[in-house]
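Text of query-v2.pdb, listed as PDB, C-alpha atoms:
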ATOM      1  CA  ALA A 625    -118.753 -20.886   7.067
ATOM      2  CA  THR A 626    -117.309 -17.680   8.482
ATOM      3  CA  CYS A 627    -114.081 -16.131   7.178
ATOM      4  CA  ILE A 628    -111.787 -15.968  10.198
ATOM      5  CA  ARG A 629    -108.311 -15.369   8.792
ATOM      6  CA  ILE A 630    -106.459 -13.809   5.900
ATOM      7  CA  ILE A 631    -102.758 -14.607   5.982
ATOM      8  CA  ASP A 632    -100.139 -13.043   3.732
ATOM      9  CA  LEU A 633     -97.706 -15.846   2.848
ATOM     10  CA  GLY A 634     -95.347 -13.601   0.885
ATOM     11  CA  THR A 635     -93.825 -14.583  -2.440
ATOM     12  CA  GLN A 636     -93.790 -18.351  -2.793
ATOM     13  CA  LYS A 637     -92.240 -20.715  -5.306
ATOM     14  CA  ASN A 638     -94.909 -22.422  -7.401
ATOM     15  CA  GLU A 639     -94.212 -25.311  -9.774
ATOM     16  CA  PHE A 640     -96.844 -26.255 -12.337
ATOM     17  CA  GLN A 641     -96.398 -28.415 -15.444
ATOM     18  CA  GLY A 642     -92.622 -28.143 -15.251
ATOM     19  CA  GLU A 643     -92.648 -24.358 -14.980
ATOM     20  CA  THR A 644     -91.460 -22.546 -11.853
ATOM     21  CA  LYS A 645     -92.944 -19.191 -10.884
ATOM     22  CA  HIS A 646     -92.559 -16.959  -7.855
ATOM     23  CA  GLN A 647     -95.919 -15.441  -6.921
ATOM     24  CA  PRO A 648     -97.356 -13.533  -3.958
ATOM     25  CA  LYS A 649     -99.721 -15.863  -2.087
ATOM     26  CA  ILE A 650    -102.366 -15.534   0.593
ATOM     27  CA  LEU A 651    -104.270 -18.084   2.626
ATOM     28  CA  ILE A 652    -107.909 -17.563   3.575
ATOM     29  CA  GLN A 653    -109.379 -19.665   6.383
ATOM     30  CA  TRP A 654    -113.021 -20.297   7.208
ATOM     31  CA  GLU A 655    -114.591 -21.760  10.321
ATOM     32  CA  ILE A 656    -117.362 -24.214   9.518
ATOM     33  CA  ASN A 657    -120.583 -23.247  11.306
ATOM     34  CA  ASP A 658    -121.382 -26.733  12.570
ATOM     35  CA  GLY A 659    -124.851 -26.197  14.034
ATOM     36  CA  GLY A 660    -124.003 -28.815  16.646
ATOM     37  CA  ASP A 661    -123.320 -31.553  14.069
ATOM     38  CA  PRO A 662    -120.439 -33.703  15.399
ATOM     39  CA  GLU A 663    -119.422 -34.615  11.823
ATOM     40  CA  LEU A 664    -118.540 -30.941  11.290
ATOM     41  CA  GLN A 665    -116.390 -30.729  14.417
ATOM     42  CA  THR A 666    -112.898 -31.783  15.415
ATOM     43  CA  GLN A 667    -112.466 -34.703  17.815
ATOM     44  CA  ASP A 668    -112.373 -32.256  20.738
ATOM     45  CA  GLY A 669    -115.690 -30.647  19.685
ATOM     46  CA  HIS A 670    -114.351 -27.471  18.040
ATOM     47  CA  PRO A 671    -115.518 -26.266  14.617
ATOM     48  CA  LEU A 672    -113.585 -27.512  11.599
ATOM     49  CA  LEU A 673    -111.442 -25.060   9.644
ATOM     50  CA  MET A 674    -111.125 -24.981   5.856
ATOM     51  CA  SER A 675    -108.415 -23.090   3.991
ATOM     52  CA  LYS A 676    -107.686 -22.092   0.437
ATOM     53  CA  ARG A 677    -104.491 -20.610  -1.015
ATOM     54  CA  TYR A 678    -104.701 -17.937  -3.643
ATOM     55  CA  THR A 679    -102.346 -15.890  -5.736
ATOM     56  CA  ALA A 680    -102.642 -12.427  -4.162
ATOM     57  CA  SER A 681    -104.169 -10.790  -7.211
ATOM     58  CA  LEU A 682    -107.486  -9.144  -7.944
ATOM     59  CA  ASN A 683    -106.906  -9.511 -11.688
ATOM     60  CA  SER A 684    -110.178 -10.261 -13.466
ATOM     61  CA  LYS A 685    -108.900 -13.758 -14.369
ATOM     62  CA  SER A 686    -107.667 -14.704 -10.886
ATOM     63  CA  GLN A 687    -109.292 -17.437  -8.796
ATOM     64  CA  LEU A 688    -109.494 -15.022  -5.872
ATOM     65  CA  THR A 689    -111.568 -12.554  -7.885
ATOM     66  CA  ALA A 690    -113.794 -15.349  -9.227
ATOM     67  CA  ASP A 691    -114.457 -16.624  -5.690
ATOM     68  CA  LEU A 692    -115.133 -13.118  -4.366
ATOM     69  CA  LYS A 693    -117.615 -12.494  -7.210
ATOM     70  CA  ALA A 694    -119.398 -15.771  -6.433
ATOM     71  CA  TRP A 695    -119.468 -14.907  -2.723
ATOM     72  CA  ARG A 696    -120.929 -11.448  -3.411
ATOM     73  CA  GLY A 697    -123.381 -12.816  -5.948
ATOM     74  CA  ARG A 698    -122.395 -10.130  -8.442
ATOM     75  CA  ASP A 699    -119.446  -8.746 -10.358
ATOM     76  CA  PHE A 700    -117.256  -5.881  -9.181
ATOM     77  CA  THR A 701    -117.372  -2.531 -10.910
ATOM     78  CA  PRO A 702    -113.877  -1.325 -11.876
ATOM     79  CA  ASP A 703    -114.028   1.267  -9.069
ATOM     80  CA  GLU A 704    -115.124  -1.327  -6.480
ATOM     81  CA  LEU A 705    -112.321  -3.659  -7.499
ATOM     82  CA  GLU A 706    -109.749  -0.866  -7.357
ATOM     83  CA  ALA A 707    -110.821   0.145  -3.832
ATOM     84  CA  PHE A 708    -111.506  -3.371  -2.498
ATOM     85  CA  ASP A 709    -109.831  -4.204   0.819
ATOM     86  CA  LEU A 710    -109.617  -7.946   1.340
ATOM     87  CA  ARG A 711    -109.971  -7.444   5.101
ATOM     88  CA  ASN A 712    -113.634  -6.609   4.433
ATOM     89  CA  ILE A 713    -114.410 -10.336   4.208
ATOM     90  CA  LEU A 714    -113.133 -11.057   7.735
ATOM     91  CA  GLY A 715    -116.048 -12.172   9.904
ATOM     92  CA  LYS A 716    -118.350 -12.505   6.895
ATOM     93  CA  THR A 717    -120.365 -15.660   6.248
ATOM     94  CA  CYS A 718    -120.595 -17.638   3.025
ATOM     95  CA  LEU A 719    -121.635 -21.037   1.761
ATOM     96  CA  LEU A 720    -118.758 -23.400   0.929
ATOM     97  CA  GLY A 721    -119.084 -26.315  -1.460
ATOM     98  CA  ILE A 722    -116.689 -29.074  -0.374
ATOM     99  CA  SER A 723    -115.361 -31.855  -2.597
ATOM    100  CA  HIS A 724    -113.514 -34.910  -1.353
ATOM    101  CA  VAL A 725    -110.491 -36.106  -3.296
ATOM    102  CA  GLU A 726    -108.577 -39.360  -2.776
ATOM    103  CA  LYS A 727    -104.810 -39.120  -3.153
ATOM    104  CA  ASN A 728    -102.147 -41.591  -2.015
ATOM    105  CA  GLY A 729    -104.675 -43.516   0.067
ATOM    106  CA  LYS A 730    -105.927 -40.428   1.943
ATOM    107  CA  THR A 731    -109.105 -38.417   1.508
ATOM    108  CA  TYR A 732    -108.765 -34.639   1.350
ATOM    109  CA  ALA A 733    -111.582 -32.100   1.683
ATOM    110  CA  ASN A 734    -111.154 -29.175  -0.730
ATOM    111  CA  ILE A 735    -113.174 -26.023  -1.242
ATOM    112  CA  ALA A 736    -114.842 -26.481  -4.620
ATOM    113  CA  SER A 737    -117.105 -23.434  -4.605
ATOM    114  CA  ILE A 738    -118.021 -20.336  -2.628
ATOM    115  CA  SER A 739    -121.353 -18.558  -2.723
ATOM    116  CA  ASN A 740    -123.391 -16.055  -0.773
ATOM    117  CA  LYS A 741    -124.993 -17.274   2.443
ATOM    118  CA  MET A 742    -128.653 -18.222   2.490
ATOM    119  CA  ARG A 743    -131.054 -15.354   3.075
ATOM    120  CA  GLY A 744    -131.921 -14.924   6.731
ATOM    121  CA  TYR A 745    -129.076 -17.114   7.970
ATOM    122  CA  GLU A 746    -127.349 -15.684  11.031
ATOM    123  CA  ALA A 747    -123.994 -17.290  11.722
ATOM    124  CA  PRO A 748    -122.911 -17.879  15.304
ATOM    125  CA  THR A 749    -119.988 -15.921  16.714
ATOM    126  CA  PRO A 750    -116.801 -17.707  15.585
ATOM    127  CA  HIS A 751    -115.125 -19.968  18.125
ATOM    128  CA  ASN A 752    -111.674 -19.066  16.733
ATOM    129  CA  GLU A 753    -110.099 -15.619  16.789
ATOM    130  CA  VAL A 754    -110.670 -13.514  13.657
ATOM    131  CA  PHE A 755    -107.521 -11.802  12.362
ATOM    132  CA  ALA A 756    -105.316 -10.931   9.406
ATOM    133  CA  PHE A 757    -101.545 -11.143   9.083
ATOM    134  CA  ASP A 758     -99.878  -8.826   6.563
ATOM    135  CA  LEU A 759     -96.166  -8.911   5.735
ATOM    136  CA  ALA A 760     -96.358  -5.253   4.646
ATOM    137  CA  ALA A 761     -97.036  -4.306   8.289
ATOM    138  CA  PRO A 762     -96.299  -7.430  10.334
ATOM    139  CA  ASP A 763     -97.716  -7.862  13.811
ATOM    140  CA  TYR A 764     -95.428 -10.419  15.450
ATOM    141  CA  THR A 765     -98.011 -11.200  18.150
ATOM    142  CA  THR A 766    -100.391 -12.271  15.377
ATOM    143  CA  PHE A 767     -97.572 -14.180  13.649
ATOM    144  CA  ASP A 768     -97.048 -16.181  16.861
ATOM    145  CA  LYS A 769    -100.700 -17.336  16.681
ATOM    146  CA  LEU A 770    -100.108 -19.093  13.347
ATOM    147  CA  SER A 771     -99.379 -22.802  13.063
ATOM    148  CA  ASP A 772     -95.733 -23.869  12.839
ATOM    149  CA  LYS A 773     -96.292 -24.956   9.234
ATOM    150  CA  LEU A 774     -97.648 -21.518   8.223
ATOM    151  CA  LYS A 775     -94.813 -19.761  10.056
ATOM    152  CA  GLU A 776     -92.277 -21.870   8.165
ATOM    153  CA  THR A 777     -93.962 -21.093   4.825
ATOM    154  CA  ILE A 778     -93.861 -17.362   5.575
ATOM    155  CA  ARG A 779     -90.220 -17.557   6.724
ATOM    156  CA  LEU A 780     -89.288 -18.905   3.274
ATOM    157  CA  SER A 781     -90.527 -15.732   1.571
ATOM    158  CA  PRO A 782     -88.145 -12.959   0.468
ATOM    159  CA  GLU A 783     -90.427 -10.456   2.247
ATOM    160  CA  TRP A 784     -89.733 -12.169   5.583
ATOM    161  CA  ALA A 785     -86.002 -12.240   4.848
ATOM    162  CA  GLU A 786     -86.070  -8.500   4.139
ATOM    163  CA  LEU A 787     -87.970  -7.772   7.365
ATOM    164  CA  ASN A 788     -85.526  -9.795   9.402
ATOM    165  CA  ARG A 789     -82.303  -8.725   7.727
ATOM    166  CA  PRO A 790     -79.649  -7.884  10.297
ATOM    167  CA  GLU A 791     -78.781  -4.224  10.663
ATOM    168  CA  PRO A 792     -75.413  -3.323   9.132
ATOM    169  CA  PRO A 793     -72.786  -2.435  11.713
ATOM    170  CA  ALA A 794     -72.346   1.250  12.463
ATOM    171  CA  PRO A 795     -69.382   2.832  10.655
ATOM    172  CA  PRO A 796     -66.329   3.355  12.872
ATOM    173  CA  GLN A 797     -66.084   6.815  14.393
ATOM    174  CA  GLN A 798     -63.374   9.050  13.029
ATOM    175  CA  ARG A 799     -60.924  10.297  15.601
ATOM    176  CA  PRO A 800     -59.893  13.914  15.364
ATOM    177  CA  ALA A 801     -56.463  14.448  13.821
TER     178      ALA A 801
END
Would you mind writing the file out in structure tokens?
Amino acid sequence: ATCIRIIDLGTQKNEFQGETKHQPKILIQWEINDGGDPELQTQDGHPLLMSKRYTASLNSKSQLTADLKAWRGRDFTPDELEAFDLRNILGKTCLLGISHVEKNGKTYANIASISNKMRGYEAPTPHNEVFAFDLAAPDYTTFDKLSDKLKETIRLSPEWAELNRPEPPAPPQQRPA
């Protein structure tokens, strides 16, 4: 699979085991390199996309850091981790392990593992556009490319509310006495 998108979702409400937290989240999307296999394509013949949400943290205990280590095939040095720019993974290829889970009568495909691509494997050019969306410096043209569901998720974040806060009215001008 090829990493095609990194999307900043802003701070999102997360409920787990009765506890509510507000955490910064990102979504990473991969395009499955189908090799012409129709089972790895959508009904209209396009490559399937897989996504995974992460807490936006490079803490040593975070799932994002664990997946990045597995993808690289080695640990980060403290200096590498400090200087790491997540955009570096855009356009990069990896091997995804997919698990299928049944829930409420439906089967869901989830990313179970990420590892480095096989030696010598050259991925095709992605069919989908490769881009990142960052709420710290939003590009509204890129935002418009997102699905309606992702746009709605981002609009619920306090970062989006701050970006789109109306300007206060200008103070009235004082007339000379």
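Distance check against Pro648 (chain A) using all atoms listed in the file: of A:Ile713, A:Gln687, A:Leu633, A:Gly660, the minimum falls on A:Leu633.
Excluding Thr765 (chain A) itself and same-chain residues fewer than 4 positions from it, the residues having an atom within 12 Å of it are A:Phe755, A:Ala756, A:Phe757, A:Asp758, A:Lys769, A:Leu770, counting only C-alpha atoms.
For Thr626 (chain A), the set of protein, DNA and RNA residues having any atom at most 10 Å away, when counting all atoms listed in the file and skipping those fewer than 6 positions along the same chain, is Gln653, Trp654, Glu655, Ile656, Asn657, Leu673, Met674, Ile713, Leu714, Gly715, Lys716, Thr717, Cys718, Leu719, Leu720, Lys741, Ala747, Pro748, Thr749, Pro750 and Val754 of chain A.
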Å distance separating CA of Lys693 (chain A) from CA of Thr635 (chain A), one decimal place: 24.4 Å
Residue nearest Ser675 (chain A) - candidates A:Thr766, A:Asn734, A:Thr689, A:Ser723, atoms counted: all atoms listed in the file: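 When distances to Ser675 (chain A) are compared using all atoms listed in the file, the smallest one comes from A:Asn734.
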